[in-house]
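Structure file upload-v9.pdb with PDB, C-alpha atoms and all ligand atoms:
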ATOM      1  CA  MET J   1       0.000   0.000   0.000  1.00  0.00           C
ATOM      2  CA  LEU J   2       1.530   3.312  -1.097  1.00  0.00           C
ATOM      3  CA  SER J   3       1.468   6.181   1.407  1.00  0.00           C
ATOM      4  CA  GLN J   4       0.075   9.603   0.501  1.00  0.00           C
ATOM      5  CA  GLN J   5       3.681  10.802   0.292  1.00  0.00           C
ATOM      6  CA  ASP J   6       4.519   7.997  -2.195  1.00  0.00           C
ATOM      7  CA  LEU J   7       1.481   8.983  -4.273  1.00  0.00           C
ATOM      8  CA  LYS J   8       2.516  12.644  -4.311  1.00  0.00           C
ATOM      9  CA  GLN J   9       5.983  11.557  -5.437  1.00  0.00           C
ATOM     10  CA  GLN J  10       4.423   9.461  -8.201  1.00  0.00           C
ATOM     11  CA  ALA J  11       2.359  12.443  -9.398  1.00  0.00           C
ATOM     12  CA  ALA J  12       5.455  14.664  -9.389  1.00  0.00           C
ATOM     13  CA  GLU J  13       7.378  12.107 -11.478  1.00  0.00           C
ATOM     14  CA  ALA J  14       4.465  11.874 -13.925  1.00  0.00           C
ATOM     15  CA  ALA J  15       4.585  15.657 -14.383  1.00  0.00           C
ATOM     16  CA  LEU J  16       8.329  15.476 -15.080  1.00  0.00           C
ATOM     17  CA  ALA J  17       7.747  12.793 -17.720  1.00  0.00           C
ATOM     18  CA  TYR J  18       4.988  14.957 -19.241  1.00  0.00           C
ATOM     19  CA  LEU J  19       7.284  17.967 -19.243  1.00  0.00           C
ATOM     20  CA  GLU J  20      10.443  16.402 -20.641  1.00  0.00           C
ATOM     21  CA  PRO J  21       9.523  16.617 -24.364  1.00  0.00           C
ATOM     22  CA  LEU J  22       8.568  20.293 -23.914  1.00  0.00           C
ATOM     23  CA  LEU J  23      11.935  21.360 -22.526  1.00  0.00           C
ATOM     24  CA  SER J  24      14.285  23.512 -24.589  1.00  0.00           C
ATOM     25  CA  ALA J  25      17.116  25.981 -23.981  1.00  0.00           C
ATOM     26  CA  GLU J  26      14.566  28.863 -24.035  1.00  0.00           C
ATOM     27  CA  ALA J  27      11.794  27.216 -22.030  1.00  0.00           C
ATOM     28  CA  VAL J  28      10.637  28.800 -18.784  1.00  0.00           C
ATOM     29  CA  ILE J  29       8.600  26.524 -16.511  1.00  0.00           C
ATOM     30  CA  GLY J  30       5.794  27.722 -14.240  1.00  0.00           C
ATOM     31  CA  VAL J  31       6.053  26.180 -10.798  1.00  0.00           C
ATOM     32  CA  GLY J  32       3.363  25.977  -8.132  1.00  0.00           C
ATOM     33  CA  THR J  33       3.345  25.792  -4.369  1.00  0.00           C
ATOM     34  CA  GLY J  34       2.718  23.076  -1.790  1.00  0.00           C
ATOM     35  CA  SER J  35       4.020  19.698  -0.715  1.00  0.00           C
ATOM     36  CA  THR J  36       3.347  18.049  -4.106  1.00  0.00           C
ATOM     37  CA  ALA J  37       4.864  20.991  -5.970  1.00  0.00           C
ATOM     38  CA  ASP J  38       7.921  20.712  -3.672  1.00  0.00           C
ATOM     39  CA  LEU J  39       8.476  17.139  -4.869  1.00  0.00           C
ATOM     40  CA  PHE J  40       8.112  18.333  -8.459  1.00  0.00           C
ATOM     41  CA  ILE J  41      10.710  21.055  -7.817  1.00  0.00           C
ATOM     42  CA  ASP J  42      13.134  18.533  -6.342  1.00  0.00           C
ATOM     43  CA  GLY J  43      12.777  16.335  -9.441  1.00  0.00           C
ATOM     44  CA  LEU J  44      13.020  19.316 -11.794  1.00  0.00           C
ATOM     45  CA  ALA J  45      16.576  19.852 -10.588  1.00  0.00           C
ATOM     46  CA  ARG J  46      17.603  16.725 -12.533  1.00  0.00           C
ATOM     47  CA  TYR J  47      16.582  18.506 -15.762  1.00  0.00           C
ATOM     48  CA  ARG J  48      18.255  21.815 -14.849  1.00  0.00           C
ATOM     49  CA  SER J  49      20.519  21.910 -17.919  1.00  0.00           C
ATOM     50  CA  LEU J  50      17.596  21.275 -20.322  1.00  0.00           C
ATOM     51  CA  PHE J  51      15.579  24.480 -19.760  1.00  0.00           C
ATOM     52  CA  ARG J  52      16.249  28.136 -19.138  1.00  0.00           C
ATOM     53  CA  ALA J  53      14.499  29.054 -15.924  1.00  0.00           C
ATOM     54  CA  ALA J  54      11.376  28.890 -13.780  1.00  0.00           C
ATOM     55  CA  VAL J  55       8.745  31.325 -12.561  1.00  0.00           C
ATOM     56  CA  ALA J  56       7.516  30.535  -9.054  1.00  0.00           C
ATOM     57  CA  SER J  57       4.049  31.104  -7.620  1.00  0.00           C
ATOM     58  CA  SER J  58       5.413  31.856  -4.135  1.00  0.00           C
ATOM     59  CA  GLU J  59       8.485  33.045  -2.284  1.00  0.00           C
ATOM     60  CA  ARG J  60       8.677  29.572  -0.730  1.00  0.00           C
ATOM     61  CA  SER J  61       8.894  27.816  -4.105  1.00  0.00           C
ATOM     62  CA  ALA J  62      11.295  30.470  -5.423  1.00  0.00           C
ATOM     63  CA  ARG J  63      13.655  29.758  -2.517  1.00  0.00           C
ATOM     64  CA  ARG J  64      13.466  25.999  -3.110  1.00  0.00           C
ATOM     65  CA  LEU J  65      14.150  26.408  -6.840  1.00  0.00           C
ATOM     66  CA  SER J  66      17.090  28.742  -6.242  1.00  0.00           C
ATOM     67  CA  ALA J  67      18.574  26.423  -3.620  1.00  0.00           C
ATOM     68  CA  LEU J  68      18.612  23.684  -6.275  1.00  0.00           C
ATOM     69  CA  GLY J  69      20.453  25.922  -8.754  1.00  0.00           C
ATOM     70  CA  ILE J  70      17.424  26.711 -10.952  1.00  0.00           C
ATOM     71  CA  LEU J  71      17.253  30.306 -12.196  1.00  0.00           C
ATOM     72  CA  VAL J  72      14.051  32.023 -11.025  1.00  0.00           C
ATOM     73  CA  LEU J  73      12.674  34.809 -13.195  1.00  0.00           C
ATOM     74  CA  ASP J  74      10.205  37.577 -12.433  1.00  0.00           C
ATOM     75  CA  LEU J  75       6.936  36.996 -14.305  1.00  0.00           C
ATOM     76  CA  ASN J  76       7.268  40.477 -15.821  1.00  0.00           C
ATOM     77  CA  ASP J  77      10.305  39.246 -17.749  1.00  0.00           C
ATOM     78  CA  VAL J  78       8.529  36.241 -19.250  1.00  0.00           C
ATOM     79  CA  GLN J  79       6.060  36.240 -22.140  1.00  0.00           C
ATOM     80  CA  THR J  80       5.077  32.613 -22.286  1.00  0.00           C
ATOM     81  CA  MET J  81       5.632  29.261 -20.632  1.00  0.00           C
ATOM     82  CA  PRO J  82       4.852  25.829 -22.072  1.00  0.00           C
ATOM     83  CA  VAL J  83       3.468  24.579 -18.758  1.00  0.00           C
ATOM     84  CA  TYR J  84       2.558  25.495 -15.223  1.00  0.00           C
ATOM     85  CA  VAL J  85       2.654  22.570 -12.763  1.00  0.00           C
ATOM     86  CA  ASP J  86       0.870  22.759  -9.422  1.00  0.00           C
ATOM     87  CA  GLY J  87      -1.096  20.751  -6.870  1.00  0.00           C
ATOM     88  CA  ALA J  88      -4.682  21.291  -5.739  1.00  0.00           C
ATOM     89  CA  ASP J  89      -6.724  20.932  -2.591  1.00  0.00           C
ATOM     90  CA  GLU J  90      -9.660  19.551  -4.581  1.00  0.00           C
ATOM     91  CA  ILE J  91     -10.279  18.795  -8.268  1.00  0.00           C
ATOM     92  CA  ASN J  92     -13.433  17.606 -10.012  1.00  0.00           C
ATOM     93  CA  ALA J  93     -13.984  15.576 -13.179  1.00  0.00           C
ATOM     94  CA  GLN J  94     -14.083  18.791 -15.243  1.00  0.00           C
ATOM     95  CA  ARG J  95     -10.586  19.602 -13.892  1.00  0.00           C
ATOM     96  CA  GLN J  96     -11.939  22.622 -12.034  1.00  0.00           C
ATOM     97  CA  MET J  97      -9.943  23.079  -8.860  1.00  0.00           C
ATOM     98  CA  LEU J  98     -10.129  24.516  -5.379  1.00  0.00           C
ATOM     99  CA  LYS J  99      -6.698  25.794  -4.392  1.00  0.00           C
ATOM    100  CA  GLY J 100      -4.958  28.033  -1.916  1.00  0.00           C
ATOM    101  CA  GLY J 101      -4.483  25.777   1.090  1.00  0.00           C
ATOM    102  CA  GLY J 102      -0.913  27.082   1.130  1.00  0.00           C
ATOM    103  CA  GLY J 103      -2.103  30.653   0.702  1.00  0.00           C
ATOM    104  CA  ALA J 104      -0.402  31.192  -2.672  1.00  0.00           C
ATOM    105  CA  LEU J 105      -3.609  31.320  -4.728  1.00  0.00           C
ATOM    106  CA  THR J 106      -3.158  34.788  -6.237  1.00  0.00           C
ATOM    107  CA  ARG J 107       0.281  34.224  -7.692  1.00  0.00           C
ATOM    108  CA  GLU J 108      -0.747  30.700  -8.695  1.00  0.00           C
ATOM    109  CA  LYS J 109      -3.649  32.043 -10.748  1.00  0.00           C
ATOM    110  CA  ILE J 110      -1.526  34.749 -12.329  1.00  0.00           C
ATOM    111  CA  VAL J 111       1.452  32.538 -13.234  1.00  0.00           C
ATOM    112  CA  ALA J 112      -0.892  29.824 -14.558  1.00  0.00           C
ATOM    113  CA  SER J 113      -2.640  32.397 -16.769  1.00  0.00           C
ATOM    114  CA  VAL J 114       0.596  33.009 -18.672  1.00  0.00           C
ATOM    115  CA  ALA J 115       1.298  29.304 -19.276  1.00  0.00           C
ATOM    116  CA  LYS J 116       0.015  27.397 -22.294  1.00  0.00           C
ATOM    117  CA  LYS J 117      -0.968  24.377 -20.200  1.00  0.00           C
ATOM    118  CA  PHE J 118      -1.891  23.922 -16.550  1.00  0.00           C
ATOM    119  CA  VAL J 119      -0.834  20.485 -15.322  1.00  0.00           C
ATOM    120  CA  CYS J 120      -2.392  19.570 -11.988  1.00  0.00           C
ATOM    121  CA  ILE J 121      -0.589  16.957  -9.901  1.00  0.00           C
ATOM    122  CA  ALA J 122      -2.196  15.318  -6.904  1.00  0.00           C
ATOM    123  CA  ASP J 123      -2.929  12.073  -5.174  1.00  0.00           C
ATOM    124  CA  GLU J 124      -6.392  10.761  -5.957  1.00  0.00           C
ATOM    125  CA  SER J 125      -7.789  11.744  -2.553  1.00  0.00           C
ATOM    126  CA  LYS J 126      -8.066  15.248  -4.047  1.00  0.00           C
ATOM    127  CA  LEU J 127     -10.617  14.112  -6.664  1.00  0.00           C
ATOM    128  CA  VAL J 128     -14.146  15.083  -5.568  1.00  0.00           C
ATOM    129  CA  GLN J 129     -17.590  15.184  -7.119  1.00  0.00           C
ATOM    130  CA  ILE J 130     -18.474  18.587  -5.712  1.00  0.00           C
ATOM    131  CA  LEU J 131     -15.924  21.204  -4.686  1.00  0.00           C
ATOM    132  CA  GLY J 132     -16.208  22.870  -1.292  1.00  0.00           C
ATOM    133  CA  ASN J 133     -15.586  20.297   1.394  1.00  0.00           C
ATOM    134  CA  PHE J 134     -12.141  21.909   1.759  1.00  0.00           C
ATOM    135  CA  ALA J 135     -12.627  25.495   2.954  1.00  0.00           C
ATOM    136  CA  LEU J 136     -12.373  27.927   0.032  1.00  0.00           C
ATOM    137  CA  PRO J 137      -9.509  30.430   0.512  1.00  0.00           C
ATOM    138  CA  VAL J 138     -10.233  34.028  -0.431  1.00  0.00           C
ATOM    139  CA  GLU J 139      -7.359  36.546  -0.370  1.00  0.00           C
ATOM    140  CA  VAL J 140      -8.539  39.969   0.809  1.00  0.00           C
ATOM    141  CA  LEU J 141      -7.030  43.374   1.294  1.00  0.00           C
ATOM    142  CA  PRO J 142      -6.754  43.743   5.095  1.00  0.00           C
ATOM    143  CA  LEU J 143      -8.898  46.897   5.186  1.00  0.00           C
ATOM    144  CA  ALA J 144     -11.731  45.097   3.382  1.00  0.00           C
ATOM    145  CA  ARG J 145     -11.719  41.947   5.514  1.00  0.00           C
ATOM    146  CA  GLU J 146     -14.959  42.529   7.411  1.00  0.00           C
ATOM    147  CA  ALA J 147     -16.827  43.978   4.431  1.00  0.00           C
ATOM    148  CA  VAL J 148     -15.871  40.949   2.317  1.00  0.00           C
ATOM    149  CA  ALA J 149     -16.788  38.576   5.161  1.00  0.00           C
ATOM    150  CA  ARG J 150     -20.326  40.061   5.279  1.00  0.00           C
ATOM    151  CA  GLU J 151     -20.751  39.567   1.522  1.00  0.00           C
ATOM    152  CA  ILE J 152     -19.549  35.970   1.814  1.00  0.00           C
ATOM    153  CA  ARG J 153     -22.045  35.281   4.618  1.00  0.00           C
ATOM    154  CA  ALA J 154     -24.772  36.660   2.345  1.00  0.00           C
ATOM    155  CA  LEU J 155     -23.677  34.083  -0.274  1.00  0.00           C
ATOM    156  CA  GLY J 156     -24.125  31.307   2.336  1.00  0.00           C
ATOM    157  CA  GLY J 157     -20.499  30.794   3.361  1.00  0.00           C
ATOM    158  CA  LYS J 158     -18.853  30.942   6.801  1.00  0.00           C
ATOM    159  CA  PRO J 159     -15.633  32.938   6.485  1.00  0.00           C
ATOM    160  CA  VAL J 160     -12.872  32.303   9.038  1.00  0.00           C
ATOM    161  CA  LEU J 161      -9.767  34.489   9.149  1.00  0.00           C
ATOM    162  CA  ARG J 162      -6.538  32.496   8.739  1.00  0.00           C
ATOM    163  CA  VAL J 163      -4.950  33.765  11.936  1.00  0.00           C
ATOM    164  CA  GLY J 164      -1.263  34.697  11.927  1.00  0.00           C
ATOM    165  CA  PHE J 165      -0.953  34.343   8.177  1.00  0.00           C
ATOM    166  CA  THR J 166       0.015  37.044   5.674  1.00  0.00           C
ATOM    167  CA  THR J 167       0.248  36.260   1.967  1.00  0.00           C
ATOM    168  CA  ASP J 168       3.326  36.999  -0.138  1.00  0.00           C
ATOM    169  CA  ASN J 169       1.335  40.038  -1.323  1.00  0.00           C
ATOM    170  CA  GLY J 170       0.834  41.408   2.200  1.00  0.00           C
ATOM    171  CA  ASN J 171      -2.848  40.451   2.389  1.00  0.00           C
ATOM    172  CA  GLN J 172      -5.047  38.207   4.549  1.00  0.00           C
ATOM    173  CA  ILE J 173      -6.932  34.985   3.819  1.00  0.00           C
ATOM    174  CA  LEU J 174     -10.525  34.187   4.693  1.00  0.00           C
ATOM    175  CA  ASP J 175     -11.153  30.413   4.606  1.00  0.00           C
ATOM    176  CA  VAL J 176     -14.780  29.953   3.653  1.00  0.00           C
ATOM    177  CA  HIS J 177     -16.506  26.910   5.137  1.00  0.00           C
ATOM    178  CA  GLY J 178     -19.925  25.477   4.452  1.00  0.00           C
ATOM    179  CA  LEU J 179     -20.109  25.961   0.689  1.00  0.00           C
ATOM    180  CA  SER J 180     -21.279  23.179  -1.593  1.00  0.00           C
ATOM    181  CA  ILE J 181     -19.980  24.555  -4.845  1.00  0.00           C
ATOM    182  CA  THR J 182     -22.311  23.194  -7.491  1.00  0.00           C
ATOM    183  CA  GLU J 183     -21.584  26.085  -9.864  1.00  0.00           C
ATOM    184  CA  PRO J 184     -17.864  26.821  -9.575  1.00  0.00           C
ATOM    185  CA  LEU J 185     -17.743  29.171 -12.575  1.00  0.00           C
ATOM    186  CA  ALA J 186     -20.549  31.367 -11.272  1.00  0.00           C
ATOM    187  CA  LEU J 187     -19.128  31.458  -7.722  1.00  0.00           C
ATOM    188  CA  GLU J 188     -15.607  32.247  -8.935  1.00  0.00           C
ATOM    189  CA  ARG J 189     -16.986  35.175 -10.922  1.00  0.00           C
ATOM    190  CA  SER J 190     -19.264  36.507  -8.181  1.00  0.00           C
ATOM    191  CA  LEU J 191     -16.535  36.406  -5.540  1.00  0.00           C
ATOM    192  CA  ASN J 192     -14.253  38.285  -7.929  1.00  0.00           C
ATOM    193  CA  GLN J 193     -16.865  41.065  -8.053  1.00  0.00           C
ATOM    194  CA  VAL J 194     -16.741  41.750  -4.293  1.00  0.00           C
ATOM    195  CA  PRO J 195     -14.668  44.899  -3.674  1.00  0.00           C
ATOM    196  CA  GLY J 196     -11.623  44.032  -1.591  1.00  0.00           C
ATOM    197  CA  VAL J 197     -11.308  40.470  -2.867  1.00  0.00           C
ATOM    198  CA  VAL J 198      -7.905  40.002  -4.467  1.00  0.00           C
ATOM    199  CA  THR J 199      -8.434  36.408  -5.621  1.00  0.00           C
ATOM    200  CA  ASN J 200     -10.513  33.403  -4.682  1.00  0.00           C
ATOM    201  CA  GLY J 201      -9.245  29.835  -4.722  1.00  0.00           C
ATOM    202  CA  LEU J 202     -11.636  28.556  -7.395  1.00  0.00           C
ATOM    203  CA  PHE J 203      -9.831  27.701 -10.615  1.00  0.00           C
ATOM    204  CA  ALA J 204     -12.905  27.083 -12.760  1.00  0.00           C
ATOM    205  CA  CYS J 205     -12.755  29.859 -15.380  1.00  0.00           C
ATOM    206  CA  ARG J 206      -9.335  28.453 -16.212  1.00  0.00           C
ATOM    207  CA  PRO J 207      -9.361  24.792 -15.164  1.00  0.00           C
ATOM    208  CA  ALA J 208      -6.372  22.481 -15.477  1.00  0.00           C
ATOM    209  CA  ASP J 209      -5.683  21.205 -18.992  1.00  0.00           C
ATOM    210  CA  VAL J 210      -4.361  17.914 -17.658  1.00  0.00           C
ATOM    211  CA  ALA J 211      -4.639  16.292 -14.236  1.00  0.00           C
ATOM    212  CA  LEU J 212      -2.156  13.585 -13.283  1.00  0.00           C
ATOM    213  CA  LEU J 213      -3.690  11.824 -10.298  1.00  0.00           C
ATOM    214  CA  ALA J 214      -1.644   9.194  -8.484  1.00  0.00           C
ATOM    215  CA  THR J 215      -3.591   6.099  -7.417  1.00  0.00           C
ATOM    216  CA  GLN J 216      -2.622   2.790  -5.845  1.00  0.00           C
ATOM    217  CA  LYS J 217      -2.762   1.354  -9.378  1.00  0.00           C
ATOM    218  CA  GLY J 218      -0.696   4.022 -11.120  1.00  0.00           C
ATOM    219  CA  ILE J 219      -1.361   7.395 -12.711  1.00  0.00           C
ATOM    220  CA  ARG J 220      -4.877   8.289 -13.726  1.00  0.00           C
ATOM    221  CA  THR J 221      -4.961  11.082 -16.335  1.00  0.00           C
ATOM    222  CA  LEU J 222      -7.971  13.397 -16.555  1.00  0.00           C
TER     223      LEU J 222
HETATM  224  C1  LIG J 301      -1.176  26.236  -2.373  1.00  0.00           C
HETATM  225  C2  LIG J 301      -2.019  25.312  -3.168  1.00  0.00           C
HETATM  226  C3  LIG J 301      -1.598  23.900  -3.230  1.00  0.00           C
HETATM  227  O1  LIG J 301      -1.518  23.510  -4.570  1.00  0.00           O
HETATM  228  C4  LIG J 301      -2.592  23.048  -2.515  1.00  0.00           C
HETATM  229  O2  LIG J 301      -2.749  23.539  -1.205  1.00  0.00           O
HETATM  230  C5  LIG J 301      -2.168  21.577  -2.494  1.00  0.00           C
HETATM  231  O3  LIG J 301      -1.066  21.418  -1.665  1.00  0.00           O
HETATM  232  P1  LIG J 301      -0.424  20.019  -1.361  1.00  0.00           P
HETATM  233  O4  LIG J 301       0.287  19.577  -2.606  1.00  0.00           O
HETATM  234  O5  LIG J 301       0.525  20.288  -0.222  1.00  0.00           O
HETATM  235  O6  LIG J 301      -1.523  19.060  -0.971  1.00  0.00           O
HETATM  236  O7  LIG J 301      -3.000  25.665  -3.757  1.00  0.00           O
HETATM  237  O8  LIG J 301      -1.693  27.517  -2.322  1.00  0.00           O
END

So that I can check it, write out the structure of this file as structure tokens.
Amino acid sequence: MLSQQDLKQQAAEAALAYLEPLLSAEAVIGVGTGSTADLFIDGLARYRSLFRAAVASSERSARRLSALGILVLDLNDVQTMPVYVDGADEINAQRQMLKGGGGALTREKIVASVAKKFVCIADESKLVQILGNFALPVEVLPLAREAVAREIRALGGKPVLRVGFTTDNGNQILDVHGLSITEPLALERSLNQVPGVVTNGLFACRPADVALLATQKGIRTL
């Protein structure tokens, strides 16, 4: 029986195999954040001489990449990337995701938007029928926290401030409990309309293009 850690490792290796044919001397790779992304970063070091650089979705991933000798570029200096590889807290059969457990959702969404393909890597426990069992992270400007929380309550959610946590962008996170997200696209868009919301953790408008889910029987590709 493979442990969850083994499964994450398997997903990371599958992403590296997916990536290998896309590598070139000019290629810049988009890199996500989290424990599965960390394993991907560690493996990416083996391919260091086969691509130019990476763009990271968090300071944490940038530090890990740099420590392994991989050049990290500012997104402003990059026009395109063949792929962005990242984990998820939940993913459904349509490859729509709920992300942001690590608090890096804003940069994740931005870096992913510049990549041609979003490759989601996860163990199969992340595959769900309906998103929302995992609390939905919403990054807010600190001054708007209470105003946004009232709007979220009106939408039926229970926002809880992530205490002692500041995002890489200097903002706060509200983790929204109690949502059964049957219409991820509509909820992603309506949360984006609330003044003070920087980003919400629904990745439905731009779902993953490929999901590599590690199971006890091998990789399942969605
Ligand atoms: C971070 C994220 C991560 O992708 C998500 O939390 C999954 O993390 P892990 O691979 O550790 O389970 O969205 O903001």

request  = Pick out the residues no farther than 8 Å from ligand LIG 301 (chain J), counting all atoms listed in the file, and list them as a ChimeraX atom specification.
outcome  = /J:8,32-38,86-89,98-105,108,121-122,201

Given the selection you just returned, output its residues as a file containing C-alpha atoms, formatted as a compact mmCIF listing (two decimals), in the frame of the given file.
# COMPACT_ATOMS: atom_id res chain seq x y z
CA LYS J 8 2.52 12.64 -4.31
CA GLY J 32 3.36 25.98 -8.13
CA THR J 33 3.34 25.79 -4.37
CA GLY J 34 2.72 23.08 -1.79
CA SER J 35 4.02 19.70 -0.72
CA THR J 36 3.35 18.05 -4.11
CA ALA J 37 4.86 20.99 -5.97
CA ASP J 38 7.92 20.71 -3.67
CA ASP J 86 0.87 22.76 -9.42
CA GLY J 87 -1.10 20.75 -6.87
CA ALA J 88 -4.68 21.29 -5.74
CA ASP J 89 -6.72 20.93 -2.59
CA LEU J 98 -10.13 24.52 -5.38
CA LYS J 99 -6.70 25.79 -4.39
CA GLY J 100 -4.96 28.03 -1.92
CA GLY J 101 -4.48 25.78 1.09
CA GLY J 102 -0.91 27.08 1.13
CA GLY J 103 -2.10 30.65 0.70
CA ALA J 104 -0.40 31.19 -2.67
CA LEU J 105 -3.61 31.32 -4.73
CA GLU J 108 -0.75 30.70 -8.70
CA ILE J 121 -0.59 16.96 -9.90
CA ALA J 122 -2.20 15.32 -6.90
CA GLY J 201 -9.24 29.84 -4.72

task = Take atom CA of Ala56 of chain J and atom CA of Ala186 of chain J and report the distance between them in Å, one decimal.
result = 28.2 Å

query = Which residue, J:Arg189, J:Arg145, J:Arg220, J:Arg46, has the smallest gap to Cys120 of chain J when you use only C-alpha atoms?
reply =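 Of all the options, J:Arg220 lies closest to Cys120 of chain J.
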
inquiry  = Considering all atoms listed in the file, can you say which of J:Lys158, J:Val163, J:Ile130, J:Ser113 comes closest to Thr182 of chain J?
reply    = J:Ile130

task = Run the PyMOL selection byres (((chain J and resi 42) around 10) and not hetatm) against the file shown and list the residues it catches, as a list in words.
result =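 Checked against the file, the PyMOL selection byres (((chain J and resi 42) around 10) and not hetatm) matches Ala12, Ala37, Asp38, Leu39, Phe40, Ile41, Gly43, Leu44, Ala45, Arg46, Arg64, Leu65, Ala67 and Leu68 of chain J.
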
Output C-alpha atoms of each residue in that selection to a file, as a PDB file, in the frame of the given file.
ATOM      1  CA  ALA J  12       5.455  14.664  -9.389  1.00  0.00           C
ATOM      2  CA  ALA J  37       4.864  20.991  -5.970  1.00  0.00           C
ATOM      3  CA  ASP J  38       7.921  20.712  -3.672  1.00  0.00           C
ATOM      4  CA  LEU J  39       8.476  17.139  -4.869  1.00  0.00           C
ATOM      5  CA  PHE J  40       8.112  18.333  -8.459  1.00  0.00           C
ATOM      6  CA  ILE J  41      10.710  21.055  -7.817  1.00  0.00           C
ATOM      7  CA  GLY J  43      12.777  16.335  -9.441  1.00  0.00           C
ATOM      8  CA  LEU J  44      13.020  19.316 -11.794  1.00  0.00           C
ATOM      9  CA  ALA J  45      16.576  19.852 -10.588  1.00  0.00           C
ATOM     10  CA  ARG J  46      17.603  16.725 -12.533  1.00  0.00           C
ATOM     11  CA  ARG J  64      13.466  25.999  -3.110  1.00  0.00           C
ATOM     12  CA  LEU J  65      14.150  26.408  -6.840  1.00  0.00           C
ATOM     13  CA  ALA J  67      18.574  26.423  -3.620  1.00  0.00           C
ATOM     14  CA  LEU J  68      18.612  23.684  -6.275  1.00  0.00           C
TER      15      LEU J  68
END

task = Identify, on the basis of all atoms listed in the file, every residue whose closest approach to segment 177-179 of chain J does not exceed 6 Å; exclude the query and any residue fewer than 6 positions from it along the same chain; express the result as a list in words.
result =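 Using all atoms listed in the file, the neighbours found are Gly132, Ala135, Gly157 and Lys158 of chain J.
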
query = Please, what distance in Å, to one decimal, runs between atom CA of Leu143 of chain J and atom CA of Leu155 of chain J?
reply =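 Separation of atom CA of Leu143 of chain J and atom CA of Leu155 of chain J: 20.3 Å.
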
Among listed residues J:Ile70, J:Val31, J:Lys126, J:Asp6, nearest Leu212 of chain J (using only C-alpha atoms) =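 Using only C-alpha atoms, the shortest distance to Leu212 of chain J belongs to J:Lys126.
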
key: Option closest in space to Phe118 of chain J, from J:Ile152, J:Met81, J:Val176, J:Ala208 [counting all atoms listed in the file]   =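 Nearest to Phe118 of chain J: J:Ala208.
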
task = Quick one: pull the distance between atom CA of Tyr18 of chain J and atom CA of Leu185 of chain J, Å, one decimal.
result = 27.6 Å

key: Picked residues, the PyMOL selection byres (((chain J and resi 138) around 9) and not hetatm), as a list in words   =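 What the PyMOL selection byres (((chain J and resi 138) around 9) and not hetatm) grabs from the file is Gly100, Gly103, Leu105, Leu136, Pro137, Glu139, Val140, Pro159, Gln172, Ile173, Leu174, Asp175, Val176, Leu191, Val197, Val198, Thr199, Asn200, Gly201 and Leu202 of chain J.
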
task = Apply the PyMOL selection byres (((chain J and resi 78) around 12) and not hetatm) to the displayed file and report the matching residues as a ChimeraX atom specification.
result = /J:26-30,52-56,72-77,79-82,111,114-115
